[in-house]
Amino acid sequence: MAKRLIPTLNRVLVEKIVPPSKTNAGILLPESSTKLNSGKVISVGPGLRSNEGKTIPPSVKEGDTVLLPEYGGTQVKLADKEFYLYRDEDILGTLHE
């Protein structure tokens with residue numbers, strides 16, 4: 001089994017962030033209050049080629065926290081973990097603290 005997946009072209013490998021279902025005090029949170037479709041970028045492809053042959057780098061880098069569309073992406077399972085492959089232009093934005 002592969003230990004590391006390096007995406008091709010402008011694809012981005014993302015691990016979705018699962019929000020906590022309860023607080024530290026043990027209070028259960030409703031699913032709708034914690035719904036933010038975000039993920040952490042694990043790996044990034046080299047980018048697309050322009051008509052002139054130059055590489056156009058992706059807009060995100062490894063370690064970024066990104067906002068993901070509700071639907072889309074290709075599910076990939078590696079070492080019992082679920083990852084998703086998205087095209088760079090499908091990622092809605094980056095999230096910052």
# chains A, B, ... in the order shown; residues from 1 in each chain; ligands from 1
>>> residues_around(residues="region 82-86 of chain A", least_positions_apart="2", cutoff="10 Å", atoms="only C-alpha atoms", output="list in words")
Pro7, Asn10, Arg11, Val12, Leu13, Val14, Glu15, Lys16, Gly39, Lys40, Val41, Ile42, Ser43, Val44, Leu68, Pro69, Gly72, Gly73, Thr74, Gln75, Val76, Lys77, Leu78, Ala79, Asp80, Asp88, Glu89, Asp90 and Ile91 of chain A
>>> write_last_selection(atoms="N, CA, C and O atoms", output="mmCIF file, in the first residue's frame")
data_model
loop_
_atom_site.group_PDB
_atom_site.id
_atom_site.type_symbol
_atom_site.label_atom_id
_atom_site.label_comp_id
_atom_site.auth_asym_id
_atom_site.auth_seq_id
_atom_site.Cartn_x
_atom_site.Cartn_y
_atom_site.Cartn_z
ATOM 1 N N PRO A 7 -0.299 14.312 -5.569
ATOM 2 C CA PRO A 7 -1.259 14.579 -6.637
ATOM 3 C C PRO A 7 -0.582 15.068 -7.914
ATOM 4 O O PRO A 7 0.509 15.625 -7.879
ATOM 5 N N ASN A 10 -2.904 20.142 -11.001
ATOM 6 C CA ASN A 10 -3.380 21.126 -10.027
ATOM 7 C C ASN A 10 -4.272 20.503 -8.952
ATOM 8 O O ASN A 10 -5.103 21.174 -8.360
ATOM 9 N N ARG A 11 -4.077 19.230 -8.682
ATOM 10 C CA ARG A 11 -4.913 18.566 -7.679
ATOM 11 C C ARG A 11 -4.324 18.732 -6.279
ATOM 12 O O ARG A 11 -3.116 18.855 -6.108
ATOM 13 N N VAL A 12 -5.220 18.706 -5.290
ATOM 14 C CA VAL A 12 -4.855 18.926 -3.893
ATOM 15 C C VAL A 12 -5.438 17.787 -3.065
ATOM 16 O O VAL A 12 -6.624 17.480 -3.175
ATOM 17 N N LEU A 13 -4.598 17.155 -2.232
ATOM 18 C CA LEU A 13 -5.038 16.086 -1.337
ATOM 19 C C LEU A 13 -5.393 16.703 0.012
ATOM 20 O O LEU A 13 -4.573 17.392 0.623
ATOM 21 N N VAL A 14 -6.637 16.472 0.453
ATOM 22 C CA VAL A 14 -7.162 17.117 1.660
ATOM 23 C C VAL A 14 -7.676 16.059 2.620
ATOM 24 O O VAL A 14 -8.317 15.086 2.210
ATOM 25 N N GLU A 15 -7.396 16.267 3.912
ATOM 26 C CA GLU A 15 -7.997 15.447 4.961
ATOM 27 C C GLU A 15 -9.054 16.314 5.634
ATOM 28 O O GLU A 15 -8.749 17.380 6.160
ATOM 29 N N LYS A 16 -10.308 15.858 5.594
ATOM 30 C CA LYS A 16 -11.393 16.658 6.166
ATOM 31 C C LYS A 16 -11.254 16.727 7.682
ATOM 32 O O LYS A 16 -10.878 15.756 8.333
ATOM 33 N N GLY A 39 -10.995 21.404 5.712
ATOM 34 C CA GLY A 39 -10.016 20.335 5.709
ATOM 35 C C GLY A 39 -8.610 20.888 5.737
ATOM 36 O O GLY A 39 -8.387 22.094 5.551
ATOM 37 N N LYS A 40 -7.656 19.995 5.977
ATOM 38 C CA LYS A 40 -6.243 20.359 6.017
ATOM 39 C C LYS A 40 -5.569 19.811 4.763
ATOM 40 O O LYS A 40 -5.737 18.638 4.425
ATOM 41 N N VAL A 41 -4.801 20.664 4.085
ATOM 42 C CA VAL A 41 -4.107 20.255 2.872
ATOM 43 C C VAL A 41 -2.929 19.367 3.257
ATOM 44 O O VAL A 41 -2.065 19.758 4.041
ATOM 45 N N ILE A 42 -2.900 18.161 2.730
ATOM 46 C CA ILE A 42 -1.853 17.191 3.020
ATOM 47 C C ILE A 42 -0.755 17.235 1.967
ATOM 48 O O ILE A 42 0.429 17.190 2.273
ATOM 49 N N SER A 43 -1.161 17.332 0.702
ATOM 50 C CA SER A 43 -0.190 17.322 -0.395
ATOM 51 C C SER A 43 -0.757 18.101 -1.573
ATOM 52 O O SER A 43 -1.969 18.147 -1.773
ATOM 53 N N VAL A 44 0.140 18.724 -2.359
ATOM 54 C CA VAL A 44 -0.262 19.564 -3.485
ATOM 55 C C VAL A 44 0.523 19.159 -4.721
ATOM 56 O O VAL A 44 1.727 18.900 -4.642
ATOM 57 N N LEU A 68 -14.058 23.817 1.895
ATOM 58 C CA LEU A 68 -14.347 22.887 0.805
ATOM 59 C C LEU A 68 -15.798 23.012 0.348
ATOM 60 O O LEU A 68 -16.671 23.378 1.138
ATOM 61 N N PRO A 69 -16.061 22.672 -0.920
ATOM 62 C CA PRO A 69 -17.454 22.664 -1.369
ATOM 63 C C PRO A 69 -18.216 21.524 -0.694
ATOM 64 O O PRO A 69 -17.624 20.546 -0.243
ATOM 65 N N GLY A 72 -18.439 17.045 -4.086
ATOM 66 C CA GLY A 72 -17.308 16.991 -5.004
ATOM 67 C C GLY A 72 -16.101 16.337 -4.367
ATOM 68 O O GLY A 72 -16.127 15.896 -3.215
ATOM 69 N N GLY A 73 -15.035 16.287 -5.116
ATOM 70 C CA GLY A 73 -13.832 15.638 -4.644
ATOM 71 C C GLY A 73 -13.894 14.137 -4.884
ATOM 72 O O GLY A 73 -14.963 13.559 -5.011
ATOM 73 N N THR A 74 -12.741 13.531 -4.966
ATOM 74 C CA THR A 74 -12.635 12.086 -5.149
ATOM 75 C C THR A 74 -12.109 11.476 -3.864
ATOM 76 O O THR A 74 -11.044 11.861 -3.393
ATOM 77 N N GLN A 75 -12.861 10.546 -3.298
ATOM 78 C CA GLN A 75 -12.458 9.923 -2.038
ATOM 79 C C GLN A 75 -11.328 8.932 -2.287
ATOM 80 O O GLN A 75 -11.378 8.133 -3.214
ATOM 81 N N VAL A 76 -10.290 9.012 -1.440
ATOM 82 C CA VAL A 76 -9.141 8.115 -1.515
ATOM 83 C C VAL A 76 -8.901 7.568 -0.118
ATOM 84 O O VAL A 76 -8.886 8.329 0.853
ATOM 85 N N LYS A 77 -8.726 6.247 0.002
ATOM 86 C CA LYS A 77 -8.475 5.646 1.307
ATOM 87 C C LYS A 77 -7.039 5.141 1.342
ATOM 88 O O LYS A 77 -6.651 4.305 0.534
ATOM 89 N N LEU A 78 -6.243 5.667 2.270
ATOM 90 C CA LEU A 78 -4.848 5.258 2.449
ATOM 91 C C LEU A 78 -4.624 4.934 3.916
ATOM 92 O O LEU A 78 -4.879 5.766 4.783
ATOM 93 N N ALA A 79 -4.147 3.753 4.212
ATOM 94 C CA ALA A 79 -3.815 3.334 5.578
ATOM 95 C C ALA A 79 -4.967 3.602 6.545
ATOM 96 O O ALA A 79 -4.797 4.210 7.585
ATOM 97 N N ASP A 80 -6.167 3.174 6.175
ATOM 98 C CA ASP A 80 -7.363 3.302 7.011
ATOM 99 C C ASP A 80 -7.757 4.745 7.311
ATOM 100 O O ASP A 80 -8.461 5.012 8.271
ATOM 101 N N ASP A 88 -7.565 22.448 -7.709
ATOM 102 C CA ASP A 88 -7.237 23.707 -7.031
ATOM 103 C C ASP A 88 -8.383 24.715 -7.149
ATOM 104 O O ASP A 88 -8.730 25.391 -6.188
ATOM 105 N N GLU A 89 -9.002 24.796 -8.321
ATOM 106 C CA GLU A 89 -10.062 25.790 -8.520
ATOM 107 C C GLU A 89 -11.356 25.415 -7.797
ATOM 108 O O GLU A 89 -12.240 26.253 -7.645
ATOM 109 N N ASP A 90 -11.504 24.171 -7.328
ATOM 110 C CA ASP A 90 -12.700 23.762 -6.581
ATOM 111 C C ASP A 90 -12.657 24.184 -5.120
ATOM 112 O O ASP A 90 -13.695 24.233 -4.463
ATOM 113 N N ILE A 91 -11.483 24.483 -4.600
ATOM 114 C CA ILE A 91 -11.355 24.898 -3.197
ATOM 115 C C ILE A 91 -11.847 26.322 -3.074
ATOM 116 O O ILE A 91 -11.457 27.212 -3.845
#
>>> select_by_dssp(residues="region 27-87 of chain A", states="helix (DSSP H, G or I)", output="ChimeraX atom specification")
/A:31-34
>>> select_by_dssp(residues="chain A", states="strand (DSSP E)", output="PyMOL selection string")
chain A and resi 11-16+38-44+48-49+55-56+65-67+74-78+81-87+93-95
>>> write_last_selection(atoms="N, CA and C atoms", output="tab-separated table (two decimals), in the first residue's frame")
chain	number	residue	atom	x	y	z
A	11	ARG	N	-4.08	19.23	-8.68
A	11	ARG	CA	-4.91	18.57	-7.68
A	11	ARG	C	-4.32	18.73	-6.28
A	12	VAL	N	-5.22	18.71	-5.29
A	12	VAL	CA	-4.86	18.93	-3.89
A	12	VAL	C	-5.44	17.79	-3.07
A	13	LEU	N	-4.60	17.16	-2.23
A	13	LEU	CA	-5.04	16.09	-1.34
A	13	LEU	C	-5.39	16.70	0.01
A	14	VAL	N	-6.64	16.47	0.45
A	14	VAL	CA	-7.16	17.12	1.66
A	14	VAL	C	-7.68	16.06	2.62
A	15	GLU	N	-7.40	16.27	3.91
A	15	GLU	CA	-8.00	15.45	4.96
A	15	GLU	C	-9.05	16.31	5.63
A	16	LYS	N	-10.31	15.86	5.59
A	16	LYS	CA	-11.39	16.66	6.17
A	16	LYS	C	-11.25	16.73	7.68
A	38	SER	N	-14.55	21.93	6.18
A	38	SER	CA	-13.17	22.38	6.04
A	38	SER	C	-12.24	21.18	6.09
A	39	GLY	N	-11.00	21.40	5.71
A	39	GLY	CA	-10.02	20.33	5.71
A	39	GLY	C	-8.61	20.89	5.74
A	40	LYS	N	-7.66	20.00	5.98
A	40	LYS	CA	-6.24	20.36	6.02
A	40	LYS	C	-5.57	19.81	4.76
A	41	VAL	N	-4.80	20.66	4.09
A	41	VAL	CA	-4.11	20.25	2.87
A	41	VAL	C	-2.93	19.37	3.26
A	42	ILE	N	-2.90	18.16	2.73
A	42	ILE	CA	-1.85	17.19	3.02
A	42	ILE	C	-0.76	17.23	1.97
A	43	SER	N	-1.16	17.33	0.70
A	43	SER	CA	-0.19	17.32	-0.40
A	43	SER	C	-0.76	18.10	-1.57
A	44	VAL	N	0.14	18.72	-2.36
A	44	VAL	CA	-0.26	19.56	-3.48
A	44	VAL	C	0.52	19.16	-4.72
A	48	LEU	N	-0.69	23.49	-13.03
A	48	LEU	CA	-1.05	23.35	-14.44
A	48	LEU	C	0.02	23.96	-15.34
A	49	ARG	N	0.01	23.56	-16.59
A	49	ARG	CA	0.90	24.14	-17.60
A	49	ARG	C	0.10	25.15	-18.42
A	55	THR	N	4.70	26.68	-15.73
A	55	THR	CA	3.89	26.05	-14.68
A	55	THR	C	3.16	27.13	-13.89
A	56	ILE	N	1.85	26.94	-13.72
A	56	ILE	CA	1.03	27.83	-12.89
A	56	ILE	C	0.84	27.12	-11.56
A	65	THR	N	-5.40	25.31	6.00
A	65	THR	CA	-6.76	24.88	6.31
A	65	THR	C	-7.66	25.55	5.29
A	66	VAL	N	-8.45	24.75	4.59
A	66	VAL	CA	-9.22	25.26	3.46
A	66	VAL	C	-10.71	25.00	3.64
A	67	LEU	N	-11.51	25.85	3.00
A	67	LEU	CA	-12.96	25.69	2.98
A	67	LEU	C	-13.31	24.89	1.72
A	74	THR	N	-12.74	13.53	-4.97
A	74	THR	CA	-12.64	12.09	-5.15
A	74	THR	C	-12.11	11.48	-3.86
A	75	GLN	N	-12.86	10.55	-3.30
A	75	GLN	CA	-12.46	9.92	-2.04
A	75	GLN	C	-11.33	8.93	-2.29
A	76	VAL	N	-10.29	9.01	-1.44
A	76	VAL	CA	-9.14	8.12	-1.51
A	76	VAL	C	-8.90	7.57	-0.12
A	77	LYS	N	-8.73	6.25	0.00
A	77	LYS	CA	-8.48	5.65	1.31
A	77	LYS	C	-7.04	5.14	1.34
A	78	LEU	N	-6.24	5.67	2.27
A	78	LEU	CA	-4.85	5.26	2.45
A	78	LEU	C	-4.62	4.93	3.92
A	81	LYS	N	-7.28	5.71	6.52
A	81	LYS	CA	-7.69	7.11	6.66
A	81	LYS	C	-8.33	7.54	5.36
A	82	GLU	N	-9.33	8.43	5.47
A	82	GLU	CA	-10.01	8.93	4.28
A	82	GLU	C	-9.45	10.29	3.90
A	83	PHE	N	-9.10	10.42	2.64
A	83	PHE	CA	-8.63	11.68	2.08
A	83	PHE	C	-9.50	12.00	0.88
A	84	TYR	N	-9.44	13.24	0.42
A	84	TYR	CA	-10.19	13.66	-0.75
A	84	TYR	C	-9.27	14.44	-1.68
A	85	LEU	N	-9.42	14.18	-2.99
A	85	LEU	CA	-8.67	14.90	-4.01
A	85	LEU	C	-9.59	15.94	-4.64
A	86	TYR	N	-9.16	17.18	-4.64
A	86	TYR	CA	-9.90	18.28	-5.25
A	86	TYR	C	-9.00	18.96	-6.27
A	87	ARG	N	-9.60	19.57	-7.27
A	87	ARG	CA	-8.85	20.45	-8.15
A	87	ARG	C	-8.65	21.77	-7.41
A	93	GLY	N	-11.63	28.58	-0.48
A	93	GLY	CA	-10.78	29.59	0.16
A	93	GLY	C	-9.98	28.97	1.28
A	94	THR	N	-9.11	29.78	1.89
A	94	THR	CA	-8.32	29.32	3.03
A	94	THR	C	-8.88	29.93	4.31
A	95	LEU	N	-8.77	29.19	5.40
A	95	LEU	CA	-9.26	29.65	6.70
A	95	LEU	C	-8.07	30.00	7.58
